[in-house]
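Student: Before I ask anything, here is the structure I am working with.
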Amino acid sequence: MPELPPVAPGPLAVGLTTALRRAGLPATPERAAGLARALQLVPPVNRSALYWTCRVALVTDRAQLPVFDAVFSAVFDGMLDPADGRGDPTAPPPIGGEPRTRPAPPDARPSGAGAAEGRGGAAGGDDGEEGEREVVLAAASAEERLRSTSFADLTGDEVTAVRELVRRLVLSTPERRSRRTRASRRAGDRLDLRRTVRAAHRSGGDPVRLVHARRRTQARRLVLLCDVSGSMEPFTRIYLSLLQGAVAGARAEAFVFSTRLTRLTRQLSVRDPDQALARAAGTAPDWAGGTRLAEGIGRFVAGSGRRGLARGAVVVVLSDGWAQDEPDDVAEAMRRLHRLAHRVVWVNPRKAAPGYAPLVGGMAAALPWCDAFVSGHSLEALEQLVAAVREDVGGPRS
């Protein structure tokens, strides 16, 4: 059996466990870490050793073997026959071991039926094996396609699936130091006179014990301003799911604007995504109208922003930058917002288009006052937004 070249334990463990999770096996991050440690302690010298190391680390039930073998064979191009390695000469050949003459059909059957057929094929026939191969590979490729497909190109059923995934994105902001303090045992922190005097009452007025204090830390506020004008309509439903998840998970403040600004934090706080969308659409009378960037952002800064919502916060603006306002007015509104906020992140779904350049008046005027500029046109692209929100740079440190 040919020897294996040196393998990187971490990337291999993450890649294989990711493929197994997509195929329906419970390959947890803890098991991926265990596999990486095993590969580092005992580097596999051939494919058989690699197979058994992965199987011992990741398989917890014999019922999982057919799917595990199929995914393992698909990942390694059929260069290893796992069934033969187990000593079962009656098992079908490994998935991916023979040349493919046609692409897998795009409409894969439901995962439950596919798994059942896969188990039957592993026990007795080429037809069952072919069905297992197509179901496993199609399931992984469908999820990848959803992650990379633009929101504007999704079908109705795909929009529903992606909305649920977007709601689960965790938008976590960096921490800031609060004005409140807490008792500390470290002598390097500042002296808390009030607590020291209070403690001295219990020792006859003598300050026997000095009490120190340090400032508390808390997550910065997150504010999202979403453009719901007509030009943003292909992305509005997905972005509102993002706002709903942020309101529930990060206790964010959510606003939408078109020709006017509307606060939707209370409307988006319900659990039902369809009900939240209906309440949001009913609250904003200018839904799918024109775009007044300067008006919407300016009203936010003058109202809620100056009252504390934007001060020291991470502000996310979701808009394509197509505005009816004068560019100078947009630039002034963004300048005032940038002075208040800790960080301003702009999400423009048109940024991913080939040959895109921020030349539209509103976008060109706003861009100098943005700390980050991301596309957010797909589920995969929204990961850039998650990283930009979490990054702790830029803006005032209040």
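Note on naming: chains are A, B, ... as they come in the structure tokens, residues start from 1 per chain, ligands start from 1 in the order shown.
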Near segment 31-35 of chain A, within 8 Å and counting only C-alpha atoms, which residues show up once chain neighbours fewer than 4 positions away are dropped, as a list in words?
Tutor: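 So, after excluding close chain neighbours, the residues are Pro9, Gly10, Ala13, Val14, Thr17, Ala27, Leu39, Thr53, Cys54, Ala57 and Leu58 of chain A.
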Student: Using DSSP on the backbone, list every residue of segment 167-285 of chain A that comes out as helix (DSSP H, G or I), and give them as a ChimeraX atom specification.
Tutor: /A:167,193-203,230-249,267-269,273-283
Student: Would you output that residue set with C-alpha atoms, as a short mmCIF file (atom, residue, chain, number, x, y, z; two decimals), in the first residue's frame?
Tutor:
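What landed in out19.cif:
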```cif
data_model
loop_
_atom_site.label_atom_id
_atom_site.label_comp_id
_atom_site.auth_asym_id
_atom_site.auth_seq_id
_atom_site.Cartn_x
_atom_site.Cartn_y
_atom_site.Cartn_z
CA ARG A 167 -31.10 34.35 12.11
CA LEU A 193 -12.38 55.05 49.18
CA ARG A 194 -16.08 54.43 49.77
CA ARG A 195 -15.68 50.67 50.23
CA THR A 196 -12.52 51.18 52.32
CA VAL A 197 -14.31 53.54 54.75
CA ARG A 198 -17.28 51.16 54.93
CA ALA A 199 -14.96 48.27 55.78
CA ALA A 200 -13.23 50.42 58.43
CA HIS A 201 -16.50 50.66 60.40
CA ARG A 202 -16.11 46.98 61.21
CA SER A 203 -12.65 47.54 62.73
CA GLY A 230 -37.16 49.36 -3.91
CA SER A 231 -33.58 48.80 -5.08
CA MET A 232 -32.88 46.65 -1.99
CA GLU A 233 -36.01 44.49 -2.32
CA PRO A 234 -34.17 41.27 -3.39
CA PHE A 235 -32.19 41.37 -0.12
CA THR A 236 -34.70 42.86 2.32
CA ARG A 237 -36.25 39.61 3.63
CA ILE A 238 -32.84 38.11 4.36
CA TYR A 239 -31.53 41.25 6.03
CA LEU A 240 -34.62 41.54 8.23
CA SER A 241 -33.93 38.00 9.46
CA LEU A 242 -30.41 39.18 10.30
CA LEU A 243 -31.90 42.12 12.23
CA GLN A 244 -34.32 39.82 14.04
CA GLY A 245 -31.53 37.47 15.12
CA ALA A 246 -29.41 40.40 16.31
CA VAL A 247 -32.29 41.85 18.34
CA ALA A 248 -32.89 38.49 20.04
CA GLY A 249 -29.25 37.42 20.47
CA GLN A 267 -41.59 44.53 16.18
CA LEU A 268 -38.62 42.22 15.51
CA SER A 269 -38.42 40.89 19.07
CA PRO A 273 -39.90 35.18 11.69
CA ASP A 274 -42.94 35.55 9.41
CA GLN A 275 -44.88 37.42 12.07
CA ALA A 276 -41.88 39.67 12.71
CA LEU A 277 -41.59 40.42 8.99
CA ALA A 278 -45.30 41.20 8.71
CA ARG A 279 -45.20 43.52 11.73
CA ALA A 280 -42.11 45.26 10.38
CA ALA A 281 -43.68 45.79 6.95
CA GLY A 282 -46.85 47.13 8.52
CA THR A 283 -44.95 49.58 10.72
#
```
Student: Residues of segment 202-392 of chain A in strand (DSSP E) according to DSSP, as number ranges by chain?
Tutor: A: 212-219, 222-227, 253-257, 261-263, 314-318, 343-347, 372-374
Student: For the residues in that selection, give me C-alpha atoms as a short mmCIF file (atom, residue, chain, number, x, y, z; two decimals), in the first residue's frame.
Tutor:
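The resulting file, selection03.cif, is shown below:
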```
data_model
loop_
_atom_site.label_atom_id
_atom_site.label_comp_id
_atom_site.auth_asym_id
_atom_site.auth_seq_id
_atom_site.Cartn_x
_atom_site.Cartn_y
_atom_site.Cartn_z
CA HIS A 212 -9.39 48.34 45.54
CA ALA A 213 -11.73 48.61 42.57
CA ARG A 214 -11.59 48.14 38.82
CA ARG A 215 -13.98 49.22 36.11
CA ARG A 216 -16.44 46.68 34.78
CA THR A 217 -16.52 45.67 31.14
CA GLN A 218 -19.59 45.23 28.97
CA ALA A 219 -20.29 44.54 25.32
CA LEU A 222 -25.06 47.13 18.33
CA VAL A 223 -27.26 49.26 16.05
CA LEU A 224 -28.44 48.16 12.58
CA LEU A 225 -29.85 50.55 9.98
CA CYS A 226 -31.38 48.67 7.02
CA ASP A 227 -32.36 50.21 3.70
CA GLU A 253 -31.38 48.15 18.13
CA ALA A 254 -32.93 47.82 14.65
CA PHE A 255 -34.05 50.63 12.31
CA VAL A 256 -35.21 50.62 8.69
CA PHE A 257 -35.31 53.56 6.31
CA LEU A 261 -36.63 56.33 9.50
CA THR A 262 -38.59 53.71 11.48
CA ARG A 263 -37.49 51.92 14.64
CA VAL A 314 -21.03 49.52 16.54
CA VAL A 315 -23.36 50.80 13.80
CA VAL A 316 -24.11 48.62 10.77
CA VAL A 317 -25.67 50.23 7.67
CA LEU A 318 -27.16 47.83 5.11
CA ARG A 343 -17.20 51.74 14.52
CA VAL A 344 -19.30 52.08 11.34
CA VAL A 345 -19.69 49.02 9.10
CA TRP A 346 -21.35 49.39 5.68
CA VAL A 347 -22.92 46.34 3.98
CA ALA A 372 -15.36 48.53 7.13
CA PHE A 373 -17.01 47.93 3.75
CA VAL A 374 -18.33 44.39 3.07
#
```
Student: Can you work out which one of A:Asp61, A:Val162, A:Trp52, A:Arg220 has the shortest atom-to-atom distance to Thr149 of chain A, counting only C-alpha atoms?
Tutor: A:Val162
Student: Would you mind reading off the distance between atom CA of Val360 of chain A and atom CA of Val330 of chain A, one decimal, in Å?
Tutor: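 Distance between the two atoms: 11.7 Å.
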Student: Write out as a ChimeraX atom specification which residues come within 6 Å of Ala313 of chain A when counting only C-alpha atoms, dropping same-chain ones fewer than 2 positions away.
Tutor: /A:220-222,310-311,341-342
Student: Write to file, as a PDB file, in the first residue's frame, the residues of the selection just made, with C-alpha atoms.
Tutor:
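Output (selection_35.pdb):
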```pdb
ATOM      1  CA  ARG A 220     -20.730  47.590  23.116  1.00  0.00           C
ATOM      2  CA  ARG A 221     -24.206  48.346  21.835  1.00  0.00           C
ATOM      3  CA  LEU A 222     -25.056  47.128  18.329  1.00  0.00           C
ATOM      4  CA  ALA A 310     -25.033  55.468  18.774  1.00  0.00           C
ATOM      5  CA  ARG A 311     -22.533  56.779  21.313  1.00  0.00           C
ATOM      6  CA  ALA A 341     -20.030  55.616  16.949  1.00  0.00           C
ATOM      7  CA  HIS A 342     -17.157  53.385  17.946  1.00  0.00           C
TER       8      HIS A 342
END
```
Student: Could you pull the residues within 12 Å of Thr18 of chain A, counting only C-alpha atoms, minus those fewer than 4 positions along the same chain, as a PyMOL selection string?
Tutor: chain A and resi 11-14+22-29+31-32+58+68+71-72+75+140+143-144
Student: To one decimal in Å, tell me the separation between atom CA of Gln324 of chain A and atom CA of Ala288 of chain A.
Tutor: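 These two atoms are separated by 14.0 Å.
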Student: For Thr173 of chain A, which residue out of A:Leu16, A:Gly204, A:Tyr51, A:Gly312 is the nearest one, using only C-alpha atoms?
Tutor: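 Using only C-alpha atoms, the shortest distance to Thr173 of chain A belongs to A:Gly312.
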